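Have a look at start.json; it's JSON, C-alpha atoms and all ligand atoms:
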```json
[["chain", "number", "residue", "atom", "x", "y", "z"],
["A", 9, "MET", "CA", 18.98, -4.38, 38.09],
["A", 10, "THR", "CA", 16.86, -7.05, 39.76],
["A", 11, "PRO", "CA", 17.62, -10.69, 38.97],
["A", 12, "ASN", "CA", 14.08, -10.91, 37.54],
["A", 13, "THR", "CA", 14.72, -8.37, 34.82],
["A", 14, "PRO", "CA", 14.37, -10.41, 31.65],
["A", 15, "ASP", "CA", 17.08, -10.60, 29.07],
["A", 16, "ILE", "CA", 16.17, -9.98, 25.46],
["A", 17, "ARG", "CA", 15.80, -13.65, 24.61],
["A", 18, "ARG", "CA", 13.38, -14.30, 27.46],
["A", 19, "ALA", "CA", 11.38, -11.15, 26.78],
["A", 20, "LEU", "CA", 11.04, -12.20, 23.14],
["A", 21, "ASN", "CA", 10.05, -15.75, 23.98],
["A", 22, "GLU", "CA", 7.38, -14.61, 26.40],
["A", 23, "ALA", "CA", 5.99, -12.04, 23.94],
["A", 24, "THR", "CA", 6.03, -14.59, 21.12],
["A", 25, "GLN", "CA", 3.88, -16.90, 23.25],
["A", 26, "ARG", "CA", 1.43, -14.16, 24.09],
["A", 27, "LEU", "CA", 1.12, -12.87, 20.54],
["A", 28, "SER", "CA", 1.57, -16.24, 18.79],
["A", 29, "ASP", "CA", 3.84, -14.38, 16.41],
["A", 30, "ARG", "CA", 7.62, -14.17, 16.60],
["A", 31, "VAL", "CA", 7.98, -11.43, 13.98],
["A", 32, "ASP", "CA", 5.50, -9.13, 15.74],
["A", 33, "ALA", "CA", 7.33, -9.74, 19.05],
["A", 34, "GLU", "CA", 10.67, -8.83, 17.46],
["A", 35, "VAL", "CA", 9.40, -5.77, 15.56],
["A", 36, "LEU", "CA", 7.81, -4.37, 18.72],
["A", 37, "LEU", "CA", 10.87, -4.97, 20.90],
["A", 38, "ALA", "CA", 13.16, -3.42, 18.31],
["A", 39, "TYR", "CA", 10.79, -0.45, 18.23],
["A", 40, "ALA", "CA", 10.77, -0.16, 22.06],
["A", 41, "LEU", "CA", 14.58, -0.16, 22.05],
["A", 42, "SER", "CA", 14.96, 2.05, 18.92],
["A", 43, "LYS", "CA", 17.22, -0.60, 17.38],
["A", 44, "PRO", "CA", 17.02, -2.56, 14.15],
["A", 45, "ARG", "CA", 15.55, -6.07, 14.45],
["A", 46, "SER", "CA", 18.91, -7.62, 13.59],
["A", 47, "TRP", "CA", 20.40, -6.01, 16.72],
["A", 48, "LEU", "CA", 18.22, -8.24, 18.94],
["A", 49, "ILE", "CA", 19.90, -11.44, 17.83],
["A", 50, "ALA", "CA", 23.41, -10.25, 18.68],
["A", 51, "HIS", "CA", 22.22, -8.98, 22.07],
["A", 52, "ALA", "CA", 20.04, -11.91, 23.17],
["A", 53, "THR", "CA", 21.61, -12.03, 26.64],
["A", 54, "ASP", "CA", 21.51, -8.27, 27.32],
["A", 55, "LEU", "CA", 19.20, -7.38, 30.18],
["A", 56, "LEU", "CA", 16.23, -5.11, 29.44],
["A", 57, "SER", "CA", 16.15, -1.99, 31.58],
["A", 58, "PRO", "CA", 12.97, -1.67, 33.69],
["A", 59, "ASP", "CA", 11.91, 1.30, 31.54],
["A", 60, "HIS", "CA", 12.32, -0.66, 28.33],
["A", 61, "ALA", "CA", 10.59, -3.70, 29.83],
["A", 62, "ALA", "CA", 7.64, -1.50, 30.85],
["A", 63, "ALA", "CA", 7.47, 0.16, 27.44],
["A", 64, "TYR", "CA", 7.56, -3.23, 25.74],
["A", 65, "ALA", "CA", 4.74, -4.51, 27.98],
["A", 66, "VAL", "CA", 2.53, -1.63, 26.82],
["A", 67, "LEU", "CA", 3.22, -2.40, 23.16],
["A", 68, "ILE", "CA", 2.43, -6.08, 23.68],
["A", 69, "GLU", "CA", -0.87, -5.12, 25.28],
["A", 70, "GLN", "CA", -1.76, -2.86, 22.34],
["A", 71, "ARG", "CA", -1.00, -5.68, 19.95],
["A", 72, "GLU", "CA", -2.97, -8.18, 22.04],
["A", 73, "ALA", "CA", -5.94, -5.82, 21.75],
["A", 74, "GLY", "CA", -5.64, -6.22, 17.97],
["A", 75, "GLU", "CA", -3.99, -2.93, 17.01],
["A", 76, "PRO", "CA", -1.95, -3.43, 13.82],
["A", 77, "VAL", "CA", 1.81, -3.48, 14.31],
["A", 78, "ALA", "CA", 2.18, -0.85, 11.59],
["A", 79, "TYR", "CA", -0.05, 1.57, 13.51],
["A", 80, "ILE", "CA", 1.76, 0.90, 16.79],
["A", 81, "THR", "CA", 5.19, 1.57, 15.28],
["A", 82, "GLY", "CA", 3.91, 4.09, 12.69],
["A", 83, "ARG", "CA", 6.00, 2.33, 10.07],
["A", 84, "ARG", "CA", 5.64, -0.23, 7.29],
["A", 85, "GLY", "CA", 8.12, -1.33, 4.65],
["A", 86, "PHE", "CA", 6.85, -1.25, 1.06],
["A", 87, "TRP", "CA", 8.94, -1.91, -2.02],
["A", 88, "SER", "CA", 12.37, -0.62, -0.94],
["A", 89, "LEU", "CA", 10.94, 2.18, 1.18],
["A", 90, "ASP", "CA", 10.32, 2.54, 4.89],
["A", 91, "LEU", "CA", 7.00, 4.40, 5.05],
["A", 92, "GLU", "CA", 5.20, 6.28, 7.77],
["A", 93, "VAL", "CA", 1.64, 5.07, 8.22],
["A", 94, "THR", "CA", -1.13, 6.35, 10.48],
["A", 95, "PRO", "CA", -4.73, 5.25, 11.05],
["A", 96, "ALA", "CA", -5.61, 7.81, 8.33],
["A", 97, "THR", "CA", -4.08, 5.50, 5.74],
["A", 98, "LEU", "CA", -4.40, 1.91, 4.68],
["A", 99, "ILE", "CA", -1.43, -0.22, 5.70],
["A", 100, "PRO", "CA", 0.52, -1.03, 2.50],
["A", 101, "ARG", "CA", 0.27, -4.73, 1.62],
["A", 102, "PRO", "CA", 2.89, -6.93, -0.06],
["A", 103, "GLU", "CA", 0.42, -7.89, -2.82],
["A", 104, "THR", "CA", 0.22, -4.23, -3.87],
["A", 105, "GLU", "CA", 3.87, -4.48, -4.95],
["A", 106, "LEU", "CA", 2.50, -6.46, -7.93],
["A", 107, "LEU", "CA", 0.71, -3.30, -9.05],
["A", 108, "VAL", "CA", 3.99, -1.38, -8.83],
["A", 109, "GLU", "CA", 5.83, -4.04, -10.87],
["A", 110, "LEU", "CA", 3.22, -4.01, -13.62],
["A", 111, "ALA", "CA", 3.22, -0.21, -13.72],
["A", 112, "LEU", "CA", 7.03, -0.09, -13.97],
["A", 113, "GLU", "CA", 6.94, -2.50, -16.94],
["A", 114, "ARG", "CA", 4.84, 0.13, -18.73],
["A", 115, "LEU", "CA", 6.97, 3.17, -17.85],
["A", 116, "PRO", "CA", 10.23, 3.22, -19.81],
["A", 117, "ILE", "CA", 13.07, 4.36, -17.60],
["A", 118, "GLN", "CA", 14.44, 6.86, -20.12],
["A", 119, "GLN", "CA", 11.21, 8.62, -21.01],
["A", 120, "ALA", "CA", 9.47, 11.50, -19.30],
["A", 121, "CYS", "CA", 6.10, 9.79, -18.75],
["A", 122, "GLN", "CA", 3.12, 11.19, -16.88],
["A", 123, "ALA", "CA", 1.50, 8.87, -14.34],
["A", 124, "LEU", "CA", -1.41, 9.19, -11.92],
["A", 125, "ASP", "CA", -2.01, 7.35, -8.62],
["A", 126, "LEU", "CA", -5.63, 7.61, -7.51],
["A", 127, "GLY", "CA", -6.29, 7.32, -3.77],
["A", 128, "THR", "CA", -2.65, 7.32, -2.81],
["A", 129, "GLY", "CA", -3.11, 6.82, 0.97],
["A", 130, "SER", "CA", 0.35, 6.65, 2.55],
["A", 131, "GLY", "CA", 1.74, 7.31, -0.95],
["A", 132, "ALA", "CA", 3.14, 3.77, -1.20],
["A", 133, "ILE", "CA", 2.44, 3.13, -4.90],
["A", 134, "ALA", "CA", 3.30, 6.62, -6.14],
["A", 135, "LEU", "CA", 6.49, 6.74, -4.07],
["A", 136, "ALA", "CA", 7.70, 3.33, -5.26],
["A", 137, "ILE", "CA", 7.09, 4.31, -8.90],
["A", 138, "ALA", "CA", 8.60, 7.77, -8.50],
["A", 139, "HIS", "CA", 11.66, 6.27, -6.83],
["A", 140, "GLU", "CA", 12.21, 3.74, -9.64],
["A", 141, "ARG", "CA", 11.35, 6.15, -12.48],
["A", 142, "PRO", "CA", 12.92, 9.52, -11.64],
["A", 143, "MET", "CA", 12.03, 10.88, -15.12],
["A", 144, "THR", "CA", 8.34, 10.07, -14.70],
["A", 145, "GLN", "CA", 6.22, 12.90, -13.34],
["A", 146, "LEU", "CA", 3.47, 11.66, -11.04],
["A", 147, "VAL", "CA", 0.27, 13.09, -9.71],
["A", 148, "ALA", "CA", -1.12, 11.44, -6.57],
["A", 149, "THR", "CA", -4.62, 12.23, -5.34],
["A", 150, "ASP", "CA", -6.55, 11.39, -2.20],
["A", 151, "ALA", "CA", -9.92, 12.47, -0.85],
["A", 152, "SER", "CA", -8.46, 12.46, 2.67],
["A", 153, "ILE", "CA", -6.35, 15.47, 3.66],
["A", 154, "ASP", "CA", -4.90, 13.48, 6.56],
["A", 155, "ALA", "CA", -3.76, 10.72, 4.20],
["A", 156, "LEU", "CA", -2.20, 13.27, 1.82],
["A", 157, "THR", "CA", -0.27, 14.80, 4.71],
["A", 158, "VAL", "CA", 1.21, 11.37, 5.47],
["A", 159, "ALA", "CA", 2.04, 10.77, 1.80],
["A", 160, "GLN", "CA", 3.73, 14.16, 1.46],
["A", 161, "HIS", "CA", 5.72, 13.54, 4.59],
["A", 162, "ASN", "CA", 6.87, 10.20, 3.16],
["A", 163, "ALA", "CA", 7.93, 11.90, -0.08],
["A", 164, "ARG", "CA", 9.99, 14.46, 1.85],
["A", 165, "ARG", "CA", 11.62, 11.81, 4.03],
["A", 166, "HIS", "CA", 12.74, 9.91, 0.96],
["A", 167, "HIS", "CA", 13.70, 13.05, -1.01],
["A", 168, "ILE", "CA", 11.27, 12.12, -3.76],
["A", 169, "GLY", "CA", 10.41, 15.26, -5.71],
["A", 170, "ASN", "CA", 8.64, 13.97, -8.83],
["A", 171, "ILE", "CA", 5.17, 13.62, -7.29],
["A", 172, "HIS", "CA", 2.55, 16.36, -7.18],
["A", 173, "PHE", "CA", -0.03, 15.64, -4.45],
["A", 174, "ILE", "CA", -3.58, 16.86, -5.02],
["A", 175, "HIS", "CA", -6.57, 16.73, -2.71],
["A", 176, "GLY", "CA", -9.79, 15.41, -4.23],
["A", 177, "ASP", "CA", -12.12, 12.58, -5.06],
["A", 178, "TRP", "CA", -10.77, 10.29, -7.81],
["A", 179, "PHE", "CA", -10.49, 12.32, -11.05],
["A", 180, "ALA", "CA", -12.42, 15.36, -9.75],
["A", 181, "PRO", "CA", -9.41, 17.66, -9.19],
["A", 182, "LEU", "CA", -7.71, 16.83, -12.51],
["A", 183, "ASP", "CA", -9.76, 18.86, -15.03],
["A", 184, "ASP", "CA", -9.05, 17.36, -18.43],
["A", 185, "ARG", "CA", -5.47, 16.40, -17.76],
["A", 186, "ARG", "CA", -4.30, 13.17, -19.46],
["A", 187, "PHE", "CA", -1.69, 10.62, -18.40],
["A", 188, "ASP", "CA", 0.33, 7.79, -19.93],
["A", 189, "LEU", "CA", -0.58, 5.52, -17.05],
["A", 190, "ILE", "CA", -3.11, 5.46, -14.23],
["A", 191, "VAL", "CA", -2.74, 3.19, -11.18],
["A", 192, "SER", "CA", -4.99, 2.74, -8.20],
["A", 193, "ASN", "CA", -5.51, 0.55, -5.17],
["A", 194, "PRO", "CA", -9.09, 1.66, -4.51],
["A", 195, "PRO", "CA", -11.41, 0.35, -1.82],
["A", 196, "TYR", "CA", -12.88, -2.93, -3.08],
["A", 197, "ILE", "CA", -14.42, -4.80, -0.14],
["A", 198, "ALA", "CA", -18.19, -5.29, -0.07],
["A", 199, "THR", "CA", -20.21, -3.59, 2.68],
["A", 200, "GLY", "CA", -20.85, -6.14, 5.40],
["A", 201, "ASP", "CA", -17.99, -8.46, 4.37],
["A", 202, "LEU", "CA", -17.07, -10.42, 7.49],
["A", 203, "HIS", "CA", -13.33, -9.80, 6.92],
["A", 204, "LEU", "CA", -13.96, -6.22, 8.03],
["A", 205, "GLN", "CA", -14.45, -7.59, 11.56],
["A", 206, "GLN", "CA", -11.09, -9.35, 11.54],
["A", 207, "GLY", "CA", -7.41, -8.53, 11.99],
["A", 208, "ASP", "CA", -5.91, -5.23, 10.85],
["A", 209, "LEU", "CA", -8.99, -4.30, 8.80],
["A", 210, "ARG", "CA", -10.87, -3.44, 12.02],
["A", 211, "PHE", "CA", -8.49, -0.52, 12.57],
["A", 212, "GLU", "CA", -8.07, 0.77, 9.01],
["A", 213, "PRO", "CA", -10.10, 3.62, 7.48],
["A", 214, "MET", "CA", -13.42, 2.26, 6.16],
["A", 215, "SER", "CA", -13.28, 4.77, 3.30],
["A", 216, "ALA", "CA", -10.11, 3.06, 2.05],
["A", 217, "LEU", "CA", -11.60, -0.43, 2.28],
["A", 218, "VAL", "CA", -15.32, -0.54, 1.54],
["A", 219, "SER", "CA", -17.02, 0.19, -1.77],
["A", 220, "GLY", "CA", -20.71, -0.64, -1.98],
["A", 221, "ASN", "CA", -22.68, -3.86, -2.00],
["A", 222, "ASP", "CA", -20.34, -5.75, -4.34],
["A", 223, "GLY", "CA", -17.14, -3.85, -3.50],
["A", 224, "LEU", "CA", -16.97, -2.49, -7.05],
["A", 225, "ASP", "CA", -18.53, 0.98, -6.76],
["A", 226, "ASP", "CA", -15.22, 2.87, -6.86],
["A", 227, "ILE", "CA", -13.70, 0.60, -9.49],
["A", 228, "ARG", "CA", -16.77, 1.27, -11.68],
["A", 229, "ARG", "CA", -16.23, 5.04, -11.35],
["A", 230, "ILE", "CA", -12.51, 4.80, -12.02],
["A", 231, "VAL", "CA", -12.94, 2.61, -15.11],
["A", 232, "ARG", "CA", -15.80, 4.76, -16.41],
["A", 233, "ASP", "CA", -13.83, 8.02, -16.26],
["A", 234, "ALA", "CA", -10.27, 6.82, -16.92],
["A", 235, "GLY", "CA", -10.56, 7.16, -20.70],
["A", 236, "LEU", "CA", -11.01, 10.92, -20.29],
["A", 237, "HIS", "CA", -7.64, 11.06, -18.52],
["A", 238, "LEU", "CA", -5.51, 8.72, -20.62],
["A", 239, "VAL", "CA", -3.56, 9.49, -23.76],
["A", 240, "PRO", "CA", -4.27, 7.10, -26.64],
["A", 241, "GLY", "CA", -2.36, 3.90, -25.85],
["A", 242, "GLY", "CA", -2.19, 4.76, -22.15],
["A", 243, "TRP", "CA", -2.69, 2.13, -19.45],
["A", 244, "LEU", "CA", -5.10, 1.75, -16.54],
["A", 245, "LEU", "CA", -4.08, -0.73, -13.83],
["A", 246, "PHE", "CA", -5.88, -1.31, -10.56],
["A", 247, "GLU", "CA", -5.89, -3.71, -7.65],
["A", 248, "HIS", "CA", -9.04, -5.62, -6.69],
["A", 249, "GLY", "CA", -10.30, -8.52, -4.62],
["A", 250, "TRP", "CA", -9.34, -12.05, -5.63],
["A", 251, "ARG", "CA", -12.87, -12.83, -6.84],
["A", 252, "GLN", "CA", -13.27, -9.61, -8.85],
["A", 253, "GLY", "CA", -11.02, -10.38, -11.83],
["A", 254, "ASP", "CA", -13.83, -11.33, -14.23],
["A", 255, "ALA", "CA", -15.94, -8.34, -13.22],
["A", 256, "ALA", "CA", -12.94, -6.01, -13.52],
["A", 257, "ARG", "CA", -12.18, -7.12, -17.09],
["A", 258, "ALA", "CA", -15.86, -6.89, -18.04],
["A", 259, "LEU", "CA", -15.93, -3.28, -16.81],
["A", 260, "LEU", "CA", -12.75, -2.48, -18.74],
["A", 261, "ARG", "CA", -14.15, -4.08, -21.91],
["A", 262, "ASP", "CA", -17.47, -2.23, -21.62],
["A", 263, "ALA", "CA", -15.63, 1.07, -21.17],
["A", 264, "GLY", "CA", -13.69, 0.50, -24.41],
["A", 265, "PHE", "CA", -10.33, -0.68, -23.10],
["A", 266, "VAL", "CA", -8.27, -3.20, -25.08],
["A", 267, "GLU", "CA", -5.40, -5.60, -24.29],
["A", 268, "LEU", "CA", -7.18, -6.66, -21.11],
["A", 269, "SER", "CA", -5.55, -8.95, -18.59],
["A", 270, "THR", "CA", -5.57, -9.89, -14.93],
["A", 271, "ALA", "CA", -2.37, -10.66, -13.01],
["A", 272, "ARG", "CA", -2.16, -12.97, -10.01],
["A", 273, "ASP", "CA", -0.44, -12.27, -6.73],
["A", 274, "LEU", "CA", 2.07, -14.53, -4.97],
["A", 275, "GLU", "CA", -0.81, -16.64, -3.68],
["A", 276, "GLN", "CA", -1.95, -17.22, -7.27],
["A", 277, "ARG", "CA", -5.07, -15.14, -6.78],
["A", 278, "ASP", "CA", -6.43, -12.61, -9.26],
["A", 279, "ARG", "CA", -5.23, -9.26, -7.88],
["A", 280, "VAL", "CA", -4.57, -6.62, -10.58],
["A", 281, "SER", "CA", -6.50, -6.01, -13.80],
["A", 282, "MET", "CA", -5.39, -3.75, -16.59],
["A", 283, "GLY", "CA", -6.30, -2.47, -19.99],
["A", 284, "ARG", "CA", -5.10, -0.05, -22.60],
["A", 285, "TRP", "CA", -6.91, 2.96, -23.98],
["A", 286, "PRO", "CA", -7.09, 2.27, -27.72],
["A", 287, "VAL", "CA", -5.03, 3.85, -30.50],
["A", 288, "SER", "CA", -1.27, 3.45, -30.48],
["A", 289, "GLY", "CA", 1.14, 6.17, -29.44],
["A", 290, "GLY", "CA", 1.37, 5.65, -25.66],
["A", 291, "CYS", "CA", 4.52, 6.08, -23.70],
["A", 292, "ASP", "CA", 5.79, 2.53, -24.24],
["A", 293, "SER", "CA", 4.80, 2.10, -27.89],
["A", 294, "PRO", "CA", 7.55, 2.29, -30.53],
["A", 295, "GLN", "CA", 8.28, 5.87, -31.51],
["A", 296, "SER", "CA", 7.59, 6.62, -35.16],
["B", 1, "LIG", "N1", -6.10, -5.72, 0.30],
["B", 1, "LIG", "C1", -6.92, -5.29, 1.39],
["B", 1, "LIG", "C2", -7.50, -6.52, 2.06],
["B", 1, "LIG", "O1", -8.31, -7.20, 1.50],
["B", 1, "LIG", "C3", -8.00, -4.36, 0.93],
["B", 1, "LIG", "C4", -7.42, -3.14, 0.36],
["B", 1, "LIG", "C5", -8.38, -2.39, -0.46],
["B", 1, "LIG", "O2", -9.61, -2.44, -0.29],
["B", 1, "LIG", "N2", -7.84, -1.68, -1.37],
["B", 1, "LIG", "O3", -7.12, -6.80, 3.14]]
```

How does this structure look as structure tokens?
Ligand code: GLN
Amino acid sequence: MTPNTPDIRRALNEATQRLSDRVDAEVLLAYALSKPRSWLIAHATDLLSPDHAAAYAVLIEQREAGEPVAYITGRRGFWSLDLEVTPATLIPRPETELLVELALERLPIQQACQALDLGTGSGAIALAIAHERPMTQLVATDASIDALTVAQHNARRHHIGNIHFIHGDWFAPLDDRRFDLIVSNPPYIATGDLHLQQGDLRFEPMSALVSGNDGLDDIRRIVRDAGLHLVPGGWLLFEHGWRQGDAARALLRDAGFVELSTARDLEQRDRVSMGRWPVSGGCDSPQS
């Protein structure tokens, strides 16, 4: 070991400076060492082996070039689950946990509900719901075979068996099947939005991000067809951009949905809109 081999503290400090982000520096070093992040603190004065130091240097370079941490490590935590992610899938975001919370409020724990996740990507939403509601049977669709492969892998890793994965575009593969609840985090960014040139978005699949000139093309399709796939009293909930709340509720109203609302994320921005397909008798209405 040469005297210049850095210890863990020094390696972290140097990487933090280069990346301007302590958490990224820690996550990448933990990944290079195959240890949990907490391990780093207790071993701050351990020396890095030359192999580990070299591996860490490569990861720092990837990150400096803008590659998302989740794609470098192939992992991202969502809800209580550690998920595999690849460039075929969107990286699950913390604000999408709001969609999961609102869906769970509408799926009674003791009832065998039927739920649908449209455009499941890594499977994040469907897996979180399936994990919390073992009696609910889910269908999760995606137009990307590569994304579905990742989602199915995540389901197997977490021993989640109550999701049926189906390949196809939105409702296309579902015939006339109806559900108690439909959730989706569809693409909702406008073509040409400057955010697409920034941060993680540069590396994520365009098909999971962009949806026409106003970002609402896919939401329009989902809202238009959802009534054909909901039981009376069933719920549609979907994520959208923070300036799309009014438009989302207008679309829901025009399509015949009732009990419309928009929920705000932790930054107090409109993030999820929802509505109910009319006529009582849905999964969470009182049983007669
Ligand atoms: N929430 C993502 C972002 O704005 C976009 C995800 C999406 O289009 N569904 O960074």

Set out as CSV a contact list for range 79-137 of chain A and range 170-174 of chain A with a cut-off of 9 Å, giving each residue of range 79-137 of chain A that qualifies its closest atom pair and distance in Å to one decimal, counting only C-alpha atoms, ordered by chain and rising residue number.
```
residue,atom,partner,partner_atom,distance
A:Thr128,CA,A:Phe173,CA,8.9
A:Ala134,CA,A:Ile171,CA,7.3
A:Leu135,CA,A:Ile171,CA,7.7
```

For this session: Compute the set of protein, DNA and RNA residues whose minimum atom distance to ligand LIG 1 (chain B) is at most 9 Å, using all atoms listed in the file, and state it as a PyMOL selection string.
Result: chain A and resi 98-101+103-104+192-197+203-204+208-209+214-219+223+247-250+279

How big is the axis-aligned box around the listed atoms of range 227-230 of chain A once 6 Å is added on each side, and where is its centre? Give both in Å to one decimal, as lines of an AutoDock Vina configuration file.
```
center_x = -14.6
center_y = 2.8
center_z = -10.8
size_x = 16.3
size_y = 16.4
size_z = 14.5
```

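Between Met282 in chain A and the residues A:Ile133, A:Ala111, A:Ala63, A:Val31, the shortest atom-to-atom distance, using all atoms listed in the file, involves A:Ala111.
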
Problem set entry | Separation of CA of Gly200 in chain A from CA of Gln276 in chain A, in Å and rounded to one decimal | 25.3 Å

For this session: Can you work out the spacing between CA of Leu56 in chain A and CA of Ala38 in chain A in Å, to one decimal?
Result: 11.7 Å

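In this structure, CA of Ala65 in chain A sits 15.2 Å away from CA of Asp29 in chain A.
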
Exercise. If you count only C-alpha atoms, which residues fall within 7 Å of Asp125 in chain A, apart from same-chain ones fewer than 4 positions away, as a PyMOL selection string?
Worked result: chain A and resi 134+147-149+190-192

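Shortest separation to Arg71 in chain A among A:Pro116, A:Pro142, A:Gly220, A:Gly207 occurs at residue A:Gly207, atoms counted being all atoms listed in the file.
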
Problem set entry | Nearest residue to Ala19 in chain A from the set A:Gln119, A:Asn162, A:Ser57, A:Ser46 (distances using only C-alpha atoms) | A:Ser57

Problem set entry | Nearest candidate to Leu112 in chain A (options A:Asn21, A:Thr157, A:Thr144, A:Thr199; using all atoms listed in the file) |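 For Leu112 in chain A, the nearest of the given residues is A:Thr144.
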